[in-house]
Structures are given as structure tokens and as C-alpha cells.
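Dumped coords.txt below, it's compact mmCIF, C-alpha atoms:
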```
# COMPACT_ATOMS: atom_id res chain seq x y z
CA MET A 1 74.85 89.79 86.75
CA THR A 2 74.31 93.52 87.22
CA GLN A 3 74.99 96.05 84.50
CA ARG A 4 77.96 97.43 86.43
CA ALA A 5 79.52 93.97 86.82
CA ALA A 6 78.95 93.21 83.16
CA THR A 7 80.65 96.49 82.21
CA ALA A 8 83.61 95.72 84.49
CA TRP A 9 84.16 92.27 83.01
CA ALA A 10 83.81 93.66 79.50
CA ALA A 11 86.65 96.04 80.34
CA VAL A 12 88.75 93.14 81.63
CA ALA A 13 88.13 91.20 78.41
CA ARG A 14 89.17 94.27 76.40
CA ASP A 15 92.27 95.07 78.46
CA THR A 16 93.61 91.60 79.15
CA SER A 17 96.35 89.75 77.29
CA PRO A 18 97.88 86.25 77.37
CA ALA A 19 100.80 87.70 79.34
CA ALA A 20 98.40 89.05 81.98
CA VAL A 21 96.71 85.65 82.32
CA ALA A 22 100.11 83.98 82.63
CA ALA A 23 101.27 86.48 85.26
CA GLY A 24 98.10 85.89 87.26
CA PHE A 25 98.61 82.13 87.11
CA VAL A 26 102.28 82.37 88.11
CA ALA A 27 101.42 84.65 91.04
CA THR A 28 98.77 82.20 92.24
CA LEU A 29 101.05 79.22 91.77
CA VAL A 30 103.92 80.84 93.66
CA GLY A 31 101.61 82.13 96.41
CA PHE A 32 100.09 78.73 97.11
CA THR A 33 103.15 76.52 96.70
CA SER A 34 105.46 78.69 98.80
CA THR A 35 103.48 78.50 102.04
CA ILE A 36 100.51 76.11 101.73
CA ALA A 37 102.36 73.58 103.91
CA LEU A 38 102.64 76.23 106.63
CA ILE A 39 98.88 76.82 106.44
CA PHE A 40 98.21 73.09 106.88
CA HIS A 41 100.62 73.02 109.82
CA ALA A 42 98.97 76.01 111.52
CA ALA A 43 95.47 74.53 111.18
CA ARG A 44 96.56 71.13 112.45
CA SER A 45 98.47 72.71 115.36
CA LEU A 46 95.11 74.02 116.58
CA GLY A 47 93.56 70.56 116.34
CA GLY A 48 91.77 71.11 113.04
CA THR A 49 90.11 68.09 111.45
CA PRO A 50 90.68 67.28 107.75
CA ASP A 51 87.35 68.94 106.88
CA GLN A 52 88.31 72.03 108.85
CA VAL A 53 91.74 72.19 107.20
CA THR A 54 90.02 72.00 103.80
CA SER A 55 87.70 74.80 104.94
CA TRP A 56 90.76 76.93 105.70
CA VAL A 57 91.97 76.50 102.13
CA PHE A 58 88.48 77.31 100.84
CA ALA A 59 88.11 80.45 102.98
CA LEU A 60 91.60 81.73 102.18
CA GLY A 61 91.22 81.14 98.45
CA LEU A 62 87.75 82.72 98.45
CA GLY A 63 88.90 85.80 100.35
CA MET A 64 92.02 86.31 98.25
CA GLY A 65 90.12 85.79 95.01
CA LEU A 66 87.17 88.08 95.71
CA ALA A 67 89.31 90.79 97.31
CA SER A 68 91.89 90.77 94.51
CA ILE A 69 89.22 90.92 91.80
CA GLY A 70 87.06 93.52 93.53
CA LEU A 71 89.84 95.89 94.60
CA SER A 72 91.65 95.66 91.25
CA LEU A 73 88.46 96.42 89.31
CA TRP A 74 87.60 99.29 91.66
CA THR A 75 91.04 100.96 91.65
CA ARG A 76 92.21 99.88 88.16
CA ILE A 77 95.49 99.09 89.94
CA PRO A 78 97.03 95.59 90.25
CA VAL A 79 95.98 94.90 93.86
CA LEU A 80 96.77 91.37 94.96
CA VAL A 81 95.47 90.22 98.34
CA THR A 82 96.95 87.16 100.02
CA TRP A 83 97.00 85.36 103.33
CA SER A 84 99.44 86.42 106.03
CA THR A 85 102.43 84.09 105.70
CA PRO A 86 104.20 85.30 108.88
CA GLY A 87 100.79 85.17 110.53
CA ALA A 88 100.55 81.44 109.86
CA ALA A 89 103.91 81.00 111.62
CA VAL A 90 102.60 83.01 114.58
CA ILE A 91 99.51 80.81 114.78
CA ALA A 92 101.54 77.60 114.71
CA SER A 93 103.94 78.83 117.39
CA ALA A 94 101.19 80.17 119.67
CA ALA A 95 98.83 77.19 119.30
CA THR A 96 99.80 75.48 122.56
CA GLY A 97 96.91 75.70 125.01
CA VAL A 98 94.66 77.51 122.51
CA SER A 99 91.57 75.81 121.09
CA LEU A 100 90.49 76.27 117.49
CA ASN A 101 87.44 78.22 118.67
CA GLU A 102 89.60 80.56 120.76
CA ALA A 103 91.93 81.01 117.79
CA VAL A 104 88.98 82.12 115.65
CA GLY A 105 88.16 84.71 118.30
CA ALA A 106 91.75 85.95 118.06
CA PHE A 107 91.47 86.10 114.26
CA LEU A 108 88.40 88.32 114.61
CA VAL A 109 90.28 90.68 116.92
CA CYS A 110 93.10 90.89 114.35
CA GLY A 111 90.58 91.67 111.59
CA VAL A 112 88.94 94.43 113.62
CA LEU A 113 92.33 96.02 114.35
CA MET A 114 93.22 95.90 110.65
CA TRP A 115 89.91 97.53 109.79
CA LEU A 116 90.52 100.27 112.39
CA SER A 117 94.00 100.92 110.97
CA GLY A 118 92.32 101.73 107.69
CA VAL A 119 89.29 103.75 108.76
CA THR A 120 91.33 105.89 111.16
CA GLY A 121 93.96 106.57 108.49
CA TRP A 122 96.90 105.97 110.80
CA PHE A 123 98.50 103.31 108.61
CA ALA A 124 98.35 105.61 105.56
CA ARG A 125 100.07 108.34 107.59
CA VAL A 126 102.84 105.91 108.50
CA MET A 127 103.30 104.90 104.85
CA ASP A 128 103.45 108.54 103.73
CA ARG A 129 106.51 109.04 105.96
CA ILE A 130 108.54 106.23 104.38
CA PRO A 131 110.94 107.65 101.73
CA LEU A 132 110.63 106.11 98.27
CA ALA A 133 114.30 105.02 98.36
CA LEU A 134 113.73 102.93 101.49
CA ALA A 135 110.48 101.49 100.13
CA ALA A 136 112.23 100.48 96.90
CA SER A 137 115.17 98.86 98.70
CA LEU A 138 112.78 97.07 101.06
CA LEU A 139 110.95 95.58 98.10
CA ALA A 140 114.21 94.64 96.35
CA GLY A 141 115.47 92.91 99.48
CA ILE A 142 112.32 90.84 99.83
CA LEU A 143 112.30 89.77 96.19
CA ALA A 144 116.05 89.15 95.91
CA LYS A 145 115.75 86.21 98.32
CA PHE A 146 113.46 84.45 95.87
CA ALA A 147 115.71 85.21 92.92
CA LEU A 148 118.68 83.74 94.80
CA LEU A 149 116.71 80.59 95.56
CA SER A 150 115.71 80.28 91.93
CA PHE A 151 119.33 80.17 90.76
CA ALA A 152 120.38 77.99 93.70
CA GLY A 153 117.98 75.36 92.36
CA ALA A 154 120.54 74.64 89.63
CA THR A 155 122.49 72.62 92.18
CA ALA A 156 119.75 69.98 92.38
CA GLN A 157 118.25 70.37 88.88
CA PRO A 158 120.85 71.97 86.60
CA THR A 159 119.18 70.99 83.31
CA LEU A 160 115.81 72.40 84.33
CA VAL A 161 117.06 75.69 85.80
CA ILE A 162 119.64 76.41 83.11
CA SER A 163 117.15 75.67 80.33
CA MET A 164 114.64 78.03 81.97
CA LEU A 165 117.28 80.78 82.11
CA LEU A 166 118.15 80.28 78.44
CA ILE A 167 114.46 80.34 77.50
CA TYR A 168 114.03 83.56 79.47
CA LEU A 169 117.00 85.23 77.77
CA ALA A 170 115.77 84.18 74.33
CA GLY A 171 112.28 85.35 75.20
CA LYS A 172 113.52 88.76 76.34
CA ARG A 173 115.14 89.18 72.93
CA LEU A 174 112.45 87.68 70.67
CA TRP A 175 109.11 88.10 72.52
CA PRO A 176 109.73 90.25 75.64
CA ARG A 177 106.04 90.51 76.58
CA TYR A 178 105.72 86.73 76.79
CA ALA A 179 109.14 85.79 78.19
CA VAL A 180 107.77 84.61 81.54
CA LEU A 181 104.94 82.72 79.86
CA GLY A 182 107.54 80.96 77.72
CA VAL A 183 109.55 80.05 80.80
CA LEU A 184 106.47 78.55 82.47
CA VAL A 185 105.40 76.51 79.45
CA CYS A 186 108.85 75.33 78.41
CA GLY A 187 109.96 74.74 82.00
CA THR A 188 106.93 72.52 82.56
CA ALA A 189 107.77 70.60 79.38
CA VAL A 190 111.37 70.09 80.50
CA ALA A 191 110.21 68.95 83.95
CA ALA A 192 107.81 66.48 82.34
CA TRP A 193 110.58 65.20 80.05
CA GLN A 194 112.78 64.65 83.09
CA GLY A 195 110.00 62.87 84.96
CA LEU A 196 109.81 65.56 87.65
CA LEU A 197 106.03 66.10 87.48
CA ASP A 198 104.40 63.95 90.17
CA THR A 199 100.68 63.62 89.47
CA SER A 200 100.12 60.59 91.69
CA GLN A 201 98.49 62.60 94.48
CA MET A 202 96.16 64.62 92.25
CA SER A 203 92.43 64.09 92.69
CA VAL A 204 89.26 66.13 92.27
CA GLN A 205 87.78 67.03 95.64
CA PHE A 206 85.56 70.05 96.06
CA ALA A 207 85.71 72.05 99.27
CA GLN A 208 82.91 72.88 101.67
CA PRO A 209 83.04 75.66 104.26
CA VAL A 210 82.94 74.56 107.90
CA TRP A 211 81.72 77.08 110.48
CA ILE A 212 83.83 77.37 113.64
CA THR A 213 82.10 79.28 116.44
CA PRO A 214 84.50 81.82 117.98
CA ALA A 215 85.32 81.70 121.66
CA TRP A 216 86.98 84.46 123.64
CA SER A 217 89.95 84.27 125.97
CA TRP A 218 92.39 86.99 126.83
CA GLN A 219 95.25 84.49 126.53
CA ALA A 220 94.40 83.81 122.88
CA VAL A 221 93.87 87.51 122.12
CA LEU A 222 97.18 88.59 123.68
CA GLY A 223 99.21 85.54 122.69
CA MET A 224 97.88 85.11 119.15
CA GLY A 225 95.53 87.91 118.02
CA LEU A 226 97.82 90.89 118.74
CA PRO A 227 101.04 89.25 117.44
CA LEU A 228 99.11 88.16 114.33
CA PHE A 229 98.07 91.77 113.72
CA ILE A 230 101.55 93.19 114.36
CA VAL A 231 103.51 90.80 112.14
CA THR A 232 100.91 91.01 109.36
CA MET A 233 101.06 94.78 109.25
CA ALA A 234 104.82 95.02 109.72
CA SER A 235 105.90 92.16 107.47
CA GLN A 236 103.26 92.33 104.72
CA ALA A 237 101.25 95.54 104.72
CA VAL A 238 104.29 97.83 104.56
CA PRO A 239 106.10 95.99 101.73
CA GLY A 240 102.75 95.39 100.02
CA VAL A 241 101.98 99.10 99.77
CA SER A 242 105.62 99.79 98.87
CA ALA A 243 105.43 97.31 95.99
CA ILE A 244 102.49 99.17 94.47
CA ARG A 245 103.97 102.63 94.97
CA VAL A 246 107.39 101.73 93.61
CA MET A 247 105.77 100.75 90.32
CA GLY A 248 104.28 104.24 89.99
CA TYR A 249 100.73 103.67 91.24
CA THR A 250 98.95 105.66 93.96
CA PRO A 251 96.85 103.18 95.94
CA PRO A 252 94.10 104.20 98.38
CA VAL A 253 96.00 102.83 101.35
CA SER A 254 93.35 103.33 104.02
CA ALA A 255 90.61 101.73 101.93
CA LEU A 256 92.80 98.73 101.11
CA MET A 257 93.54 98.18 104.79
CA SER A 258 89.87 98.55 105.73
CA TRP A 259 88.75 95.99 103.16
CA SER A 260 91.50 93.58 104.20
CA GLY A 261 90.28 93.77 107.79
CA LEU A 262 86.65 93.38 106.79
CA VAL A 263 87.35 90.29 104.68
CA THR A 264 89.26 88.83 107.64
CA VAL A 265 86.31 89.40 109.98
CA LEU A 266 83.83 87.83 107.53
CA LEU A 267 85.87 84.70 106.78
CA ALA A 268 87.68 84.10 110.09
CA PRO A 269 85.01 81.63 111.33
CA PHE A 270 85.71 79.46 108.26
CA GLY A 271 89.52 79.62 108.50
CA GLY A 272 90.38 82.94 106.82
CA TYR A 273 92.67 83.97 109.65
CA ALA A 274 94.22 87.14 108.12
CA PHE A 275 94.27 88.80 104.70
CA ASN A 276 96.60 91.53 103.56
CA LEU A 277 98.34 93.00 100.54
CA ALA A 278 100.80 90.71 98.80
CA ALA A 279 104.36 91.86 98.20
CA ILE A 280 106.30 89.05 96.53
CA THR A 281 103.50 87.73 94.34
CA ALA A 282 102.22 91.27 93.79
CA ALA A 283 105.50 92.12 92.11
CA ILE A 284 104.69 89.50 89.48
CA VAL A 285 101.40 91.15 88.47
CA LEU A 286 102.90 94.65 88.83
CA ASN A 287 105.79 93.82 86.51
CA PRO A 288 105.74 95.11 82.91
CA HIS A 289 105.87 91.45 81.85
CA ALA A 290 102.22 91.25 82.96
CA HIS A 291 101.17 93.98 80.54
CA ALA A 292 103.09 96.63 78.65
CA ASP A 293 100.42 99.24 79.45
CA PRO A 294 100.40 100.16 83.19
CA ALA A 295 96.75 101.23 82.89
CA ARG A 296 95.78 97.70 81.82
CA ARG A 297 98.07 95.79 84.16
CA TYR A 298 95.26 95.45 86.71
CA THR A 299 93.92 92.56 84.63
CA ALA A 300 96.82 90.37 85.80
CA ALA A 301 95.65 90.75 89.42
CA VAL A 302 92.06 90.07 88.33
CA TRP A 303 93.16 86.81 86.70
CA ALA A 304 95.13 85.90 89.80
CA GLY A 305 91.90 86.36 91.73
CA VAL A 306 90.09 84.05 89.31
CA PHE A 307 92.74 81.37 89.83
CA TYR A 308 92.51 81.85 93.60
CA LEU A 309 88.78 81.15 93.38
CA MET A 310 89.50 77.98 91.43
CA MET A 311 91.91 76.91 94.14
CA ALA A 312 89.26 77.61 96.76
CA LEU A 313 86.74 75.37 95.02
CA LEU A 314 89.25 72.56 94.62
CA GLY A 315 90.02 72.73 98.34
CA GLY A 316 91.32 69.31 99.29
CA ALA A 317 92.82 68.73 95.85
CA VAL A 318 95.06 71.79 96.12
CA ALA A 319 97.88 70.03 97.95
CA GLY A 320 98.10 67.26 95.36
CA LEU A 321 97.85 69.72 92.47
CA LEU A 322 100.63 71.93 93.75
CA ALA A 323 102.80 68.99 94.76
CA ALA A 324 102.90 67.94 91.09
CA PHE A 325 105.30 70.80 90.24
CA PRO A 326 108.93 70.48 91.39
CA ALA A 327 110.11 73.23 93.72
CA GLU A 328 112.89 74.21 91.31
CA LEU A 329 110.33 74.93 88.58
CA ILE A 330 108.17 77.12 90.83
CA MET A 331 111.10 79.06 92.26
CA GLY A 332 112.74 79.38 88.85
CA VAL A 333 109.67 80.93 87.24
CA ALA A 334 109.16 83.25 90.21
CA GLY A 335 112.79 84.35 90.35
CA LEU A 336 113.04 85.09 86.63
CA ALA A 337 109.71 86.94 86.65
CA LEU A 338 110.99 89.18 89.46
CA LEU A 339 114.35 90.16 87.92
CA GLY A 340 113.03 93.35 86.33
CA THR A 341 111.30 94.49 89.52
CA ILE A 342 114.43 93.83 91.60
CA ALA A 343 116.58 95.81 89.16
CA ASN A 344 114.12 98.73 89.12
CA GLY A 345 113.92 98.69 92.91
CA LEU A 346 117.70 98.83 93.29
CA ALA A 347 118.01 101.56 90.66
CA THR A 348 115.39 103.68 92.44
CA SER A 349 116.81 103.07 95.91
CA LEU A 350 120.42 103.90 94.97
CA ALA A 351 119.75 106.83 92.65
CA ALA A 352 120.02 109.63 95.22
CA PRO A 353 123.37 109.93 97.08
CA ALA A 354 121.64 111.40 100.14
CA THR A 355 119.69 108.21 100.83
CA ARG A 356 122.03 105.65 99.22
CA GLU A 357 123.61 104.30 102.41
CA ALA A 358 120.29 104.04 104.23
CA ALA A 359 118.84 102.26 101.21
CA ILE A 360 121.63 99.67 101.05
CA VAL A 361 121.30 99.01 104.79
CA THR A 362 117.57 98.46 104.31
CA PHE A 363 118.25 96.11 101.40
CA LEU A 364 120.88 94.02 103.19
CA VAL A 365 118.99 93.65 106.47
CA THR A 366 115.84 92.67 104.58
CA LEU A 367 117.79 90.22 102.41
CA SER A 368 119.41 88.64 105.48
CA GLY A 369 116.12 87.09 106.59
CA VAL A 370 116.78 87.95 110.24
CA THR A 371 113.88 87.43 112.66
CA LEU A 372 113.77 89.25 116.00
CA LEU A 373 110.95 89.13 118.56
CA GLY A 374 108.93 87.07 116.11
CA VAL A 375 108.96 89.83 113.47
CA GLY A 376 110.54 89.23 110.06
CA SER A 377 113.37 90.98 108.28
CA ALA A 378 111.14 93.31 106.22
CA PHE A 379 110.23 95.28 109.34
CA TRP A 380 113.77 95.31 110.74
CA GLY A 381 115.21 96.33 107.38
CA LEU A 382 112.94 99.36 107.38
CA VAL A 383 113.88 100.16 110.99
CA ALA A 384 117.60 99.89 110.22
CA GLY A 385 117.28 102.05 107.12
CA ALA A 386 115.24 104.69 108.92
CA LEU A 387 117.78 104.76 111.77
CA THR A 388 120.64 105.17 109.28
CA LEU A 389 118.80 107.97 107.52
CA PHE A 390 118.11 109.74 110.81
CA VAL A 391 121.73 109.56 111.96
CA GLU A 392 122.98 110.83 108.60
CA HIS A 393 120.60 113.78 108.58
CA TYR A 394 121.23 114.53 112.23
CA ARG A 395 124.98 114.75 111.65
CA ALA A 396 124.52 116.76 108.46
CA ARG A 397 122.38 119.36 110.23
CA HIS A 398 124.90 119.78 113.02
CA ASN A 399 127.89 119.89 110.66
CA GLU A 400 126.44 122.62 108.47
CA PRO A 401 128.27 125.96 108.82
CA THR A 402 126.28 128.83 110.20
CA ASP A 403 126.25 132.47 109.02
CA THR A 404 127.30 133.73 112.44
CA PRO A 405 130.83 135.25 112.37
```
Target format C-alpha cells, applied to this file:
Amino acid sequence: MTQRAATAWAAVARDTSPAAVAAGFVATLVGFTSTIALIFHAARSLGGTPDQVTSWVFALGLGMGLASIGLSLWTRIPVLVTWSTPGAAVIASAATGVSLNEAVGAFLVCGVLMWLSGVTGWFARVMDRIPLALAASLLAGILAKFALLSFAGATAQPTLVISMLLIYLAGKRLWPRYAVLGVLVCGTAVAAWQGLLDTSQMSVQFAQPVWITPAWSWQAVLGMGLPLFIVTMASQAVPGVSAIRVMGYTPPVSALMSWSGLVTVLLAPFGGYAFNLAAITAAIVLNPHAHADPARRYTAAVWAGVFYLMMALLGGAVAGLLAAFPAELIMGVAGLALLGTIANGLATSLAAPATREAAIVTFLVTLSGVTLLGVGSAFWGLVAGALTLFVEHYRARHNEPTDTP
């Protein structure tokens, strides 16, 4: 270990807290459990063998872990990198007639385009033009869907969800820094008491990377590579940067995009199809629950990266490990952990009367979950809000009285 690395990890040890470790674990747990089935489906749709599917999990966990740790230590900002969830849906839907080797070629094209978006600075220029009110409402709309699902879980598991809510409320009053940690621990205990933890499929199985030689076809590039790039940037990069900015940080947007693209290029032949900034899980490590001191909150993202690396090494055992937790427990912890961020996002977005209507339009369209042309509601919420803002300002300019008699 180099002197610089030793110094960095010494700083993490000094700045970390049990709440930061818990936030990192919750973010990892939510990130994997929410979409790991979609990743398996995408890999199998391309004809991936069990070893190749395991390699996908390894490559994705490795990329997310190293990128999250490295970028968080470098920027001292909670930077959480994750796989492209809408990208996995694109891959599964565009898999017909595309071989796994051709898909890897398309992944490489996507990675190069992401890298170019960073080094040229065009993505940062786009982000600089998005008003803070719209960015805050966009984030609130994305996260509110998860909070709604967390409370909806009371229909199937009322004892578990209600007890988690009561634990959270008591924790906010008695030990606010560790409220989410208390929900996770006590919720797991309640689930175990109810017999909801299924450990029958758990086994220790270490992963091994499997190289997949890329092949090139314009059909795969146009039908998979370009859509993968577009939906990843529109549905994850924009809300990912917004999540960081709304919490008061100033991220180096171009550098983050460049590194995301580079990691994609390096790991695409092993199954790392696309990496980008997290939004939903990032809100967990960006939340004050993760650490009371914003300057030390980066440690939560570092710990999330450590847990991602553990998931990568477990590889084939990940599915069984994550299946042990009931969905209501995962969604309940995530929803309660995000309440503060949702409230702050709404407060910021609705504070200024001049942008209030555009902000609420952005929030509602994003919350609706609408998908058009294969692009998710986060993008269309931003489009609708920007259009509303433009029309309002256009009318205001033309309705202003002039000084001419």
C-alpha cells in the first residue's frame, strides 16, 4: 500500500461513524436488491452462460466499488457509482438478434461516448443550465416513488412495516444519527421473528471474471449502444448530479462523467455494461443520517464501495444472499432513509414562487413513472418542467409594461 493510500484510509478511519457504515450498507443492499433480477434477465437474454452471468455481477460490483471509493476519496464528496438500471432494460429489450459479443462491442461504444461527454465538457454545460428548483423537484420525484412503495408494503406485511415506522420515529427522537441503523437492525429482527428471512438459497460461491471478446455490428451499435448511452445519461446522470448538488456539494461533473465512461470501457468485456452516478441510493449516503458533518459524509459512499466489492467477490452467492431479505424490509428501510431528502427537495423546489409551478410539474411527471420512446420519467419530468418554465417566462416578458408612452 502506497503512502498516499495509507493516508486516505487513515482519514476514512478518522472520519467514519457507525451511521456512515450503516448508510453504506443500506445503499448497497437497496441498489442490488432493487434491480439484480433485471441484470440477470439482461445477461440471459443475450445468451449468457451461468459463468458469464456471474462474471457480470463480478464486473459490476468491482466497477461500482472501486469507482465509488476512488472518486469519494478524491473529491471528499459522497460519490456513489452504480450500474445503469434503465440500461439493463434497454439491453434486455434489444437483445433479439444480437450476440453477447456484439453486445459487448455496443457497451464499449456507450463507454466511449460517456467518456467524450466528460472530456468535452458538454454534459457539465447542460447541467449548469438546469435551475436548482427543477433539479430538487426531479430528485424528490424519483425518491418519492420508493417512499410510497415502502408504506404500501404495510398491506402485505403490516406488523413489519408499522414496527419499522415506529422504530424510526422513536429513533428520530432519541438517537437521530442512528435512526436508520436502528430501523435496519430492528426490522431484520422482526422479519426473523416472523419467519420472513429465507436463507435456504444462501451459499458461498466466489466469482471469476470471464472475458468476452467484443464484436462489431452497426445493428448492435445503433439498436443497443446508442440507446444505452442516451437512457443512461438522461435517466441517471442528470438526477445523479442533481442529487449531489441539491445537498450543497459542488461535484466535478466532467471528471465524474469521464471516469464513469472509462470504467465502462475497461470492464465491458467482463459484463460491466454501463456505469454512472447513482441517484436513489446516492440520496442515502448524501443524507444527514449518514453523517452529521457534511465534510465527513463521503465515508458513507466509501463504505458502500467496500460492500460493493464484497458483493463482487461473492458473485454467484449474491442472488441467494439478497433473496434472504423480504422486499418489504428492503423497501421500508430505503423509504424511511429517504424521507429527509424528499422533504428537503420539495422545500427547495417550492421555495421560490417564480419557479414553483414548473417545479411541481417536474415532480409530478417524474413521480408518475411514465416511459416514452424508451426513456424514463426522470428525463420527461425535466423536459416538462423546463417547458413550463419557458412558457411562464415567455409570457412574463411579453406582459411586462414598457416605458414608452
So which one's closest to Tyr308 of chain A, A:Leu329, A:Ala10, A:Ala67, A:Leu138? Using only C-alpha atoms, please. A:Ala67
Could you work out how far atom CA of Trp83 of chain A lies from atom CA of Leu181 of chain A, giving the answer in Å with one decimal?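 According to the coordinates, atom CA of Leu181 of chain A and atom CA of Trp83 of chain A are separated by 24.9 Å.
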Contacts of Gly121 of chain A at 12 Å (all atoms listed in the file; same-chain gap of 3+ positions) as an mmCIF file with C-alpha atoms, in the frame of the given file:
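To be explicit, this is the file written out as around-v3.cif:
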```cif
data_model
loop_
_atom_site.group_PDB
_atom_site.id
_atom_site.type_symbol
_atom_site.label_atom_id
_atom_site.label_comp_id
_atom_site.auth_asym_id
_atom_site.auth_seq_id
_atom_site.Cartn_x
_atom_site.Cartn_y
_atom_site.Cartn_z
ATOM 1 C CA MET A 114 93.220 95.900 110.650
ATOM 2 C CA TRP A 115 89.910 97.530 109.790
ATOM 3 C CA LEU A 116 90.520 100.270 112.390
ATOM 4 C CA SER A 117 94.000 100.920 110.970
ATOM 5 C CA GLY A 118 92.320 101.730 107.690
ATOM 6 C CA ALA A 124 98.350 105.610 105.560
ATOM 7 C CA ARG A 125 100.070 108.340 107.590
ATOM 8 C CA VAL A 126 102.840 105.910 108.500
ATOM 9 C CA MET A 127 103.300 104.900 104.850
ATOM 10 C CA ASP A 128 103.450 108.540 103.730
ATOM 11 C CA PRO A 252 94.100 104.200 98.380
ATOM 12 C CA VAL A 253 96.000 102.830 101.350
ATOM 13 C CA SER A 254 93.350 103.330 104.020
ATOM 14 C CA ALA A 255 90.610 101.730 101.930
ATOM 15 C CA LEU A 256 92.800 98.730 101.110
ATOM 16 C CA MET A 257 93.540 98.180 104.790
ATOM 17 C CA SER A 258 89.870 98.550 105.730
#
```
At a cut-off of 6 Å, using only C-alpha atoms, what residues contact Gly24 of chain A? Leave out same-chain residues fewer than 2 positions from it and give the result as a list in words.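 Non-adjacent residues within range: Val21, Ala22, Val26, Ala27, Ala300, Ala301, Trp303 and Ala304 of chain A.
With only C-alpha atoms as the atoms that count, the residue of A:Leu166, A:Leu149, A:Met311, A:Val238 with the shortest distance to Arg129 of chain A is A:Val238.
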When you count all atoms listed in the file, which of these residues is closest to Arg44 of chain A: A:Ile342, A:Leu372, A:Ala92, A:Leu80?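 When distances to Arg44 of chain A are compared using all atoms listed in the file, the smallest one comes from A:Ala92.
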Which is closer to Asp198 of chain A than all the others in A:Leu226, A:Cys186, A:Ala327, A:Ala283, using all atoms listed in the file? A:Ala327
In Å, with one decimal, what is the gap from atom CA of Pro227 of chain A to atom CA of Gly47 of chain A?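 Value for the atom CA of Pro227 of chain A-atom CA of Gly47 of chain A distance: 20.2 Å.
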Neighbouring residues of Met64 of chain A were defined as those with any atom within 12 Å, considering only C-alpha atoms; residues of the same chain fewer than 5 positions away were excluded. Please report them as a count of residues only. 41
Distance of atom CA of Met164 of chain A from atom CA of Ala295 of chain A, expressed in Å to one decimal place: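 Atom-to-atom, atom CA of Ala295 of chain A and atom CA of Met164 of chain A are spaced 29.3 Å apart.
You can rank A:Leu266, A:Val183, A:Ala386, A:Ile212 by their closest distance to Val361 of chain A using all atoms listed in the file, and at the top of that list sits A:Ala386.
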Taking 6 positions as the minimum chain separation for residues in the same chain, which residues sit within 12 Å of Leu184 of chain A when counting all atoms listed in the file? Answer as a PyMOL selection string. chain A and resi 19+22-23+25-27+29-30+160-161+163-165+167-168+171+178+190-191+325+328-337
Which residue of A:Leu314, A:Ala243, A:Leu222, A:Ile360 approaches Phe206 of chain A most closely, using only C-alpha atoms: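 Smallest distance to Phe206 of chain A is found for A:Leu314.
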Excluding Gly271 of chain A and its own-chain neighbours fewer than 6 positions away, which residues fall within 12 Å of it when counting all atoms listed in the file? Please give them as a PyMOL selection string. chain A and resi 39-40+42-44+46+48-49+51-63+83+88+91+100-101+103-108+208-214+263-265+312
Expected answer as an mmCIF file with C-alpha atoms, in the frame of the given file: all residues with atoms within 12 Å of (121.7, 89.2, 102.9), all atoms listed in the file:
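Below is the file that was written, point_36.cif:
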```cif
data_model
loop_
_atom_site.group_PDB
_atom_site.id
_atom_site.type_symbol
_atom_site.label_atom_id
_atom_site.label_comp_id
_atom_site.auth_asym_id
_atom_site.auth_seq_id
_atom_site.Cartn_x
_atom_site.Cartn_y
_atom_site.Cartn_z
ATOM 1 C CA ALA A 140 114.210 94.640 96.350
ATOM 2 C CA GLY A 141 115.470 92.910 99.480
ATOM 3 C CA ILE A 142 112.320 90.840 99.830
ATOM 4 C CA LEU A 143 112.300 89.770 96.190
ATOM 5 C CA ALA A 144 116.050 89.150 95.910
ATOM 6 C CA LYS A 145 115.750 86.210 98.320
ATOM 7 C CA PHE A 146 113.460 84.450 95.870
ATOM 8 C CA LEU A 148 118.680 83.740 94.800
ATOM 9 C CA ILE A 360 121.630 99.670 101.050
ATOM 10 C CA VAL A 361 121.300 99.010 104.790
ATOM 11 C CA THR A 362 117.570 98.460 104.310
ATOM 12 C CA PHE A 363 118.250 96.110 101.400
ATOM 13 C CA LEU A 364 120.880 94.020 103.190
ATOM 14 C CA VAL A 365 118.990 93.650 106.470
ATOM 15 C CA THR A 366 115.840 92.670 104.580
ATOM 16 C CA LEU A 367 117.790 90.220 102.410
ATOM 17 C CA SER A 368 119.410 88.640 105.480
ATOM 18 C CA GLY A 369 116.120 87.090 106.590
ATOM 19 C CA VAL A 370 116.780 87.950 110.240
ATOM 20 C CA SER A 377 113.370 90.980 108.280
ATOM 21 C CA ALA A 378 111.140 93.310 106.220
ATOM 22 C CA GLY A 381 115.210 96.330 107.380
#
```
